[in-house]
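The next block holds one structure in the form of structure tokens; read it before the comments.
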Amino acid sequence: MARGRARGYDEQCESILARASELFARQGYHATSMNQVAKAAGLSKATLYHYYAHKDALLAHIADDHVSLLQTLVTEVRALPLAPEPMFREMVRRIVAEYADAQHAHRVLTEEVKFLQAPDRQRVLDKERAVVAGFAAVVGAVRPELAQAALARPMTMLLFGMINWMFTWMKPGGALDHAALAPMVADLFLGGLPAVRLGEAVLHEPTTLRLTPAEPGPGQQRIKA
């Protein structure tokens, strides 16, 4: 009979991923060793390998877990009985709150996903695209002519351009926190959305849009044609 997991196995996995996320976010994936992760988690290297066989597995779990939470969040909000604008505001509020509680994991997803093995990277990117599509559907419901002009997704990427990089300038304990900024983001976006002039926006080719950079390069948010 197969032996079951020891008590606390899942909690230990979460602790390891939290320590690895912090190290990857602060010093980069390639600059972090399994020895450093083991030390940060208070484990021997042999014990760490019992949970994660290699560093690639740590990166894959961190990125996949984080983007899966975002995908679930978007699905849950879209199921709420809300009009388009309140739904948009709630979606922004929840995703900003999620970023506040997972800043290290978000930085890893934003900057280190390019180092994933091909199958893992594809799985994560597919989920990212689902998050973008969910947001874009709500943006399109707020202003249907954007969806008709195939501009709801590019507008959504401009929104993520505001949200995704908060961790680069927000200071813990500063005058503004994520809860205070979330409605400002929604106000700024919704206030500017009516000013978009469709006649000047022409998409020459279909676009594939993602949350994270298409090519290596921290701090870059791109639309991949």
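Convention: chains lettered A, B, ... in structure tokens order; per-chain residue numbering from 1; ligands numbered from 1 as shown.
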I'd like the neighbourhood of range 102-112 of chain A as a PyMOL selection string, where a residue qualifies if any of its atoms comes within 7 Å (using only C-alpha atoms), though same-chain residues fewer than 4 positions away should be ignored. chain A and resi 21-22+24-25+29+62-63+66+98+167+212+218
Store the residues picked out above in a file with N, CA and C atoms, as a CSV table (one decimal), in the first residue's frame.
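Written file, selection.csv:
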```csv
chain,number,residue,atom,x,y,z
A,21,SER,N,10.2,32.1,-3.5
A,21,SER,CA,9.6,33.3,-4.2
A,21,SER,C,10.4,34.5,-3.8
A,22,GLU,N,10.7,34.6,-2.5
A,22,GLU,CA,11.4,35.8,-2.0
A,22,GLU,C,12.8,35.9,-2.6
A,24,PHE,N,14.0,34.4,-5.4
A,24,PHE,CA,13.9,34.6,-6.8
A,24,PHE,C,13.6,36.0,-7.1
A,25,ALA,N,12.6,36.6,-6.4
A,25,ALA,CA,12.2,38.0,-6.6
A,25,ALA,C,13.3,39.0,-6.3
A,29,TYR,N,16.2,34.3,-10.5
A,29,TYR,CA,16.1,32.8,-10.5
A,29,TYR,C,17.5,32.2,-10.7
A,62,ILE,N,5.7,28.1,-8.3
A,62,ILE,CA,5.4,29.5,-7.9
A,62,ILE,C,4.6,30.2,-9.0
A,63,ALA,N,5.0,30.1,-10.2
A,63,ALA,CA,4.3,30.8,-11.3
A,63,ALA,C,2.9,30.2,-11.6
A,66,HIS,N,0.5,31.1,-8.7
A,66,HIS,CA,0.1,32.5,-8.6
A,66,HIS,C,-0.9,32.8,-9.8
A,98,GLU,N,-4.8,40.8,-4.3
A,98,GLU,CA,-4.0,39.5,-4.4
A,98,GLU,C,-2.5,39.9,-4.7
A,167,PHE,N,4.8,47.0,-7.6
A,167,PHE,CA,5.8,46.5,-6.7
A,167,PHE,C,7.1,47.2,-6.9
A,212,THR,N,2.7,39.0,-19.0
A,212,THR,CA,4.2,39.1,-18.8
A,212,THR,C,4.9,39.3,-20.1
A,218,PRO,N,13.5,42.3,-17.8
A,218,PRO,CA,12.7,42.8,-16.7
A,218,PRO,C,12.1,44.2,-16.9
```
I need the residue nearest Gln36 in chain A from this list: A:Ala152, A:Val132, A:Tyr49, A:Arg19. Use only C-alpha atoms for the distance. A:Arg19
Separation of CA of Asp177 in chain A from CA of Leu70 in chain A, in Å and rounded to one decimal: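 Separation of CA of Asp177 in chain A and CA of Leu70 in chain A: 19.6 Å.
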